[in-house]
Amino acid sequence: MLRTTLITRHQICGAKLVDFAGWEMPIQYSGVVDEYHTVRSHVGLFDVSHMGRIRIAGPGAISFLQRVTTNDVSKVAVSHAQYSMVCNEKGGIKDDIFVYRLSSDEFLLCVNASNREKIILWLQSQLAQDATVRLEDRSVELAQVAVQGPKSRDLLLSLGATALEGLKLHRTCDGTIGGLSCLLARTGYSGELGYEIYIDADKVGRLWDLLIDKGQAYGLKPAGLGARDLLRLEMGYLLYGNDMGEDTTPLEANADWTVSFQKGEFVGCQALLAQKQSGPTRRFVAFELVEKAVPRHGFRILDPATAQPIGEVTSGNLSPLLQKGIGLGYVPARYAEPGTSILIEIRGKSLPALIVKPPFYKKPVRREG
Amino acid sequence: MIPNDLRYHQEHEWVRMNGTQATVGISHFAQDALGDIVFIDMPKPGAAVKAGQQIGEVESTKTTSTIYTPVSGTVAKVNADLKDHPEVVNSDPYGKGWMVTIDLSSAGEVDKLMTAAQYEAFLSSQKKG
């Protein structure tokens with residue numbers, strides 16, 4: 001199994017390790033619910049080095065990215081970041097990614113761990129003989145940690161990361177944390193104020209130790225994949241492999257906003273345009289169970305009148321915040337309106353649920369800078 | 001972590017005998033494997049149950065696990081405190097985290113269950129396997 005540079009730190013922190021997309025990763029340290037609350041109320045530290053980091057550079061970088069991603073890269077200024085999709089010719093999602101613009105002709109793509117090899121091969125095949133673009137897999141020498149939670153900014157500022165004062169959502173800056181140079185991005189997967197830190201792999205151990213040590217005063221705890229999944233589920237964020245795949249399109253997945261039809265031709269454009277014109281027949285929705293019960297991936301969604309199957313749950317859990325079963329899944333478009341009644345089949349019982357507008361977690365009002 | 005005065009089932013439930021009544025819960029090993037428990041679906045008092053039968057579900061943040069009754073009889077009480085505080089099963093699986101009491105219909109069944117020493121050996125054989 002693959003291991004990140006931080007594996008011994010995880011063991012020292014008491015992590016339970018599991019196989020995630022071929023990586024031996026912490027699912028939890030102190031406990032999933034405790035780590036979840038730590039991120040919502042203070043700050044959590046995640047190792048996300050298992051994700052793929054790909055550098056795309058050269059004079060042809062923009063036009064290449066315009067062609068292989070669905071969003072409009074020309075709108076991404078230097079030091080900005082953009083959520084986007086890589087689609088196949090049929091408009092199916094090959095991966096959901098973050099595109100960071102580092103300089104006028106240099107980009108960093110953050111891709112899912114489970115898709116790293118596939119995406120690199122795909123991008124290389126799309127690149128063909130184009131000598132104006134260089135593609136470089138930086139996943140090994142560049143590490144990535146996420147610092148997420150309302151105390152994240154104060155913690156990083158206390159460690160000298162002055163460059164992030166005033167950094168807005170989906171913006172990046174070069175900075176230092178405890179004297180270690182890194183790329184700081186205000187991005188994340190938790191719905192909280194938070195940052196992702198890209199740093200040379202040979203420095204990430206020192207960064208981790210520093211954050212664990214100095215983070216104590218801010219209530220920081222290391223957090224694993226279990227908490228990460230709960231946090232993103234409460235925000236209604238999609239998880240590749242669960243909530244979308246090569247057979248779902250961004251339009252079905254409620255991610256229309258990641259698709260720009262104005263920017264010109266891109267891979268999947270024709271199929272997506274046709275689907276946009278006819279309207280997707282199924283829609284990605286969020287739902288809450290009326291009674292306390294826990295929906296899970298693969299459970300059937302039923303029509304409340306006929307009890308016939310109409311779709312499947314793609315993600316589900318008990319929301320620690322709402323203390324309700326919450327889930328995501330696909331239903332025919334006519335059931336997608338918030339307020340619509342559906343049934344979730346849980347071990348032979350059909351339990352009533354309501355379509356709701358995500359996020360499940362509505363953030364309290366606070367300083368967001 | 002494996003109390004001597006209890007008997008154990010291969011699905012990781014424990015049984016505490018009190019005359020003709022048995023208290024049933026899940027073992028420390030089971031709660032640790034499940035992780036944070038967030039919801040428990042339990043049988044209703046009065047339900048007739050047979051040894052080995054599914055009587056409920058434990059939901060954790062990671063997964064769902066079935067509760068099996070190691071003994072036959074009638075459900076006498078369910079632990080109502082677990083409705084709002086299922087996490088007690090994590091913190092005190094052999095005490096406040098008990099799940100149901102069952103009035104036994106067949107007293108001999110308990111003797112077929114594992115002793116603490118046998119359960120410990122069972123766990124270590126499973127870890128190796």
# chains A, B, ... in the order shown; residues from 1 in each chain; ligands from 1
call {"tool": "interface_residues", "arguments": {"of": "chain A", "to": "chain B", "cutoff": "10 Å", "atoms": "only C-alpha atoms", "output": "VMD selection string"}}
result
chain A and resid 16 27 to 28 30 to 34 226 to 227 229 to 230 292 to 296 316 to 320 323 to 325 347
call {"tool": "residues_around", "arguments": {"residues": "Ala336 (chain A)", "least_positions_apart": "2", "cutoff": "8 Å", "atoms": "only C-alpha atoms", "output": "PDB file with C-alpha atoms, in the first residue's frame"}}
result
ATOM      1  CA  ARG A 283     -30.899  15.040 -10.782  1.00  0.00           C
ATOM      2  CA  PHE A 284     -28.551  14.931  -7.842  1.00  0.00           C
ATOM      3  CA  VAL A 285     -30.469  15.780  -4.660  1.00  0.00           C
ATOM      4  CA  VAL A 331     -33.754  10.839  -8.655  1.00  0.00           C
ATOM      5  CA  PRO A 332     -35.770  11.570 -11.813  1.00  0.00           C
ATOM      6  CA  ALA A 333     -35.952  15.315 -12.394  1.00  0.00           C
ATOM      7  CA  ARG A 334     -39.638  15.545 -11.361  1.00  0.00           C
ATOM      8  CA  PRO A 338     -37.038  20.772  -2.370  1.00  0.00           C
ATOM      9  CA  THR A 340     -40.784  16.646  -2.390  1.00  0.00           C
ATOM     10  CA  ILE A 355     -35.791  16.542  -0.593  1.00  0.00           C
TER      11      ILE A 355
END
call {"tool": "residues_around", "arguments": {"residues": "Pro70 (chain B)", "least_positions_apart": "6", "cutoff": "7 Å", "atoms": "only C-alpha atoms", "output": "VMD selection string"}}
result
chain B and resid 9 51 to 52
call {"tool": "write_last_selection", "arguments": {"atoms": "C-alpha atoms", "output": "mmCIF file, in the first residue's frame"}}
result
data_model
loop_
_atom_site.group_PDB
_atom_site.id
_atom_site.type_symbol
_atom_site.label_atom_id
_atom_site.label_comp_id
_atom_site.auth_asym_id
_atom_site.auth_seq_id
_atom_site.Cartn_x
_atom_site.Cartn_y
_atom_site.Cartn_z
ATOM 1 C CA HIS B 9 -21.214 -14.774 21.511
ATOM 2 C CA ALA B 51 -30.854 -17.240 19.960
ATOM 3 C CA GLY B 52 -28.846 -16.143 16.908
#
call {"tool": "select_by_dssp", "arguments": {"residues": "region 73-284 of chain A", "states": "alpha helix (DSSP H)", "output": "JSON, numbers by chain"}}
result
{"A": [116, 117, 118, 119, 120, 121, 122, 123, 124, 125, 126, 127, 152, 153, 154, 155, 156, 157, 158, 201, 202, 203, 204, 205, 206, 207, 208, 209, 210, 211, 212, 213, 214, 215, 225, 226, 227, 228, 229, 230, 231, 232, 233, 234, 235, 269, 270, 271, 272, 273, 274, 275, 276, 277, 278]}
call {"tool": "write_last_selection", "arguments": {"atoms": "C-alpha atoms", "output": "short mmCIF file (atom, residue, chain, number, x, y, z; two decimals), in the first residue's frame"}}
result
data_model
loop_
_atom_site.label_atom_id
_atom_site.label_comp_id
_atom_site.auth_asym_id
_atom_site.auth_seq_id
_atom_site.Cartn_x
_atom_site.Cartn_y
_atom_site.Cartn_z
CA ARG A 116 -4.52 10.29 -10.11
CA GLU A 117 -3.09 7.70 -12.50
CA LYS A 118 -6.17 7.71 -14.72
CA ILE A 119 -6.16 11.50 -15.01
CA ILE A 120 -2.45 11.74 -15.71
CA LEU A 121 -2.77 9.17 -18.51
CA TRP A 122 -5.84 10.95 -19.85
CA LEU A 123 -4.20 14.37 -19.80
CA GLN A 124 -1.08 12.95 -21.47
CA SER A 125 -3.21 11.40 -24.20
CA GLN A 126 -5.04 14.69 -24.71
CA LEU A 127 -1.75 16.54 -24.78
CA SER A 152 -7.43 28.04 11.40
CA ARG A 153 -6.61 31.62 10.43
CA ASP A 154 -5.61 32.67 13.95
CA LEU A 155 -3.40 29.61 14.29
CA LEU A 156 -1.60 30.15 10.99
CA LEU A 157 -1.21 33.89 11.63
CA SER A 158 0.37 33.09 15.00
CA ALA A 201 7.48 16.71 1.09
CA ASP A 202 10.80 16.90 2.95
CA LYS A 203 9.41 19.77 5.06
CA VAL A 204 5.90 18.50 5.73
CA GLY A 205 6.95 16.50 8.80
CA ARG A 206 8.29 19.63 10.45
CA LEU A 207 5.13 21.52 9.48
CA TRP A 208 2.92 18.78 10.95
CA ASP A 209 4.89 18.75 14.23
CA LEU A 210 4.67 22.52 14.48
CA LEU A 211 0.92 22.59 13.83
CA ILE A 212 0.27 19.80 16.34
CA ASP A 213 2.42 21.56 18.94
CA LYS A 214 1.32 25.18 18.48
CA GLY A 215 -2.20 24.18 17.54
CA LEU A 225 -11.09 10.56 6.55
CA GLY A 226 -14.14 9.72 8.67
CA ALA A 227 -14.55 13.30 9.89
CA ARG A 228 -13.70 14.62 6.42
CA ASP A 229 -16.56 12.59 4.95
CA LEU A 230 -19.10 13.79 7.54
CA LEU A 231 -18.05 17.42 7.11
CA ARG A 232 -18.37 17.33 3.33
CA LEU A 233 -21.65 15.41 3.47
CA GLU A 234 -23.23 18.10 5.67
CA MET A 235 -22.18 20.64 3.04
CA CYS A 269 -18.97 19.88 -24.73
CA GLN A 270 -21.30 18.49 -27.44
CA ALA A 271 -22.80 15.81 -25.18
CA LEU A 272 -23.29 18.29 -22.34
CA LEU A 273 -24.85 20.88 -24.63
CA ALA A 274 -27.32 18.30 -25.91
CA GLN A 275 -28.17 17.33 -22.34
CA LYS A 276 -28.58 20.95 -21.32
CA GLN A 277 -31.03 21.51 -24.18
CA SER A 278 -33.13 18.43 -23.45
#
call {"tool": "residues_around", "arguments": {"residues": "region 109-126 of chain B", "least_positions_apart": "5", "cutoff": "8 Å", "atoms": "only C-alpha atoms", "output": "count of residues only"}}
result
13
call {"tool": "residues_around", "arguments": {"residues": "region 81-83 of chain A", "least_positions_apart": "2", "cutoff": "7 Å", "atoms": "only C-alpha atoms", "output": "list in words"}}
result
Val76, Ser79, Ile97, Phe98, Val99, Tyr100, Arg101, His170, Arg171 and Thr258 of chain A
call {"tool": "write_last_selection", "arguments": {"atoms": "N, CA, C and O atoms", "output": "mmCIF file, in the first residue's frame"}}
result
data_model
loop_
_atom_site.group_PDB
_atom_site.id
_atom_site.type_symbol
_atom_site.label_atom_id
_atom_site.label_comp_id
_atom_site.auth_asym_id
_atom_site.auth_seq_id
_atom_site.Cartn_x
_atom_site.Cartn_y
_atom_site.Cartn_z
ATOM 1 N N VAL A 76 -9.638 32.530 -14.355
ATOM 2 C CA VAL A 76 -8.838 32.296 -13.159
ATOM 3 C C VAL A 76 -7.603 33.187 -13.202
ATOM 4 O O VAL A 76 -6.680 32.954 -13.992
ATOM 5 N N SER A 79 -2.960 33.465 -8.743
ATOM 6 C CA SER A 79 -3.257 33.347 -7.299
ATOM 7 C C SER A 79 -4.737 33.129 -6.998
ATOM 8 O O SER A 79 -5.184 33.373 -5.883
ATOM 9 N N ILE A 97 -11.880 18.460 -9.861
ATOM 10 C CA ILE A 97 -10.525 18.923 -9.553
ATOM 11 C C ILE A 97 -10.527 20.386 -9.091
ATOM 12 O O ILE A 97 -11.517 21.102 -9.272
ATOM 13 N N PHE A 98 -9.439 20.791 -8.485
ATOM 14 C CA PHE A 98 -9.186 22.217 -8.256
ATOM 15 C C PHE A 98 -8.041 22.655 -9.156
ATOM 16 O O PHE A 98 -7.027 21.970 -9.264
ATOM 17 N N VAL A 99 -8.246 23.782 -9.821
ATOM 18 C CA VAL A 99 -7.223 24.350 -10.700
ATOM 19 C C VAL A 99 -6.669 25.597 -10.018
ATOM 20 O O VAL A 99 -7.425 26.535 -9.739
ATOM 21 N N TYR A 100 -5.384 25.600 -9.718
ATOM 22 C CA TYR A 100 -4.736 26.767 -9.111
ATOM 23 C C TYR A 100 -3.866 27.428 -10.166
ATOM 24 O O TYR A 100 -3.084 26.753 -10.832
ATOM 25 N N ARG A 101 -3.998 28.747 -10.313
ATOM 26 C CA ARG A 101 -3.112 29.441 -11.248
ATOM 27 C C ARG A 101 -1.941 30.026 -10.464
ATOM 28 O O ARG A 101 -2.125 30.931 -9.638
ATOM 29 N N HIS A 170 -10.926 30.742 -2.186
ATOM 30 C CA HIS A 170 -10.402 30.311 -3.477
ATOM 31 C C HIS A 170 -9.308 31.236 -4.017
ATOM 32 O O HIS A 170 -9.194 31.456 -5.219
ATOM 33 N N ARG A 171 -8.511 31.774 -3.080
ATOM 34 C CA ARG A 171 -7.324 32.544 -3.447
ATOM 35 C C ARG A 171 -6.126 31.864 -2.819
ATOM 36 O O ARG A 171 -6.256 31.160 -1.814
ATOM 37 N N THR A 258 -20.043 24.596 -12.989
ATOM 38 C CA THR A 258 -18.652 24.284 -13.338
ATOM 39 C C THR A 258 -18.484 24.118 -14.849
ATOM 40 O O THR A 258 -17.392 23.821 -15.317
#
call {"tool": "select_by_dssp", "arguments": {"residues": "region 95-201 of chain A", "states": "strand (DSSP E)", "output": "PyMOL selection string"}}
result
chain A and resi 95-103+106-111+134-137+142-148+172-177+180-185+194-200
call {"tool": "residues_around", "arguments": {"residues": "Ile54 (chain A)", "least_positions_apart": "2", "cutoff": "10 Å", "atoms": "only C-alpha atoms", "output": "VMD selection string"}}
result
chain A and resid 51 to 52 56 to 57 99 107 to 111 116 119 to 120 135 to 139 142
call {"tool": "residues_around", "arguments": {"residues": "Tyr94 (chain B)", "least_positions_apart": "6", "cutoff": "10 Å", "atoms": "only C-alpha atoms", "output": "PyMOL selection string"}}
result
chain B and resi 1-3+6+13-16+23-28+88
call {"tool": "closest_residue", "arguments": {"among": "A:Ser74, A:Ser341, A:Thr176, A:Ser49", "to": "Thr5 (chain A)", "atoms": "only C-alpha atoms"}}
result
A:Ser49
call {"tool": "atom_distance", "arguments": {"atom1": "CA of Thr249 (chain A)", "atom2": "CA of Ile93 (chain A)"}}
result
5.6 Å
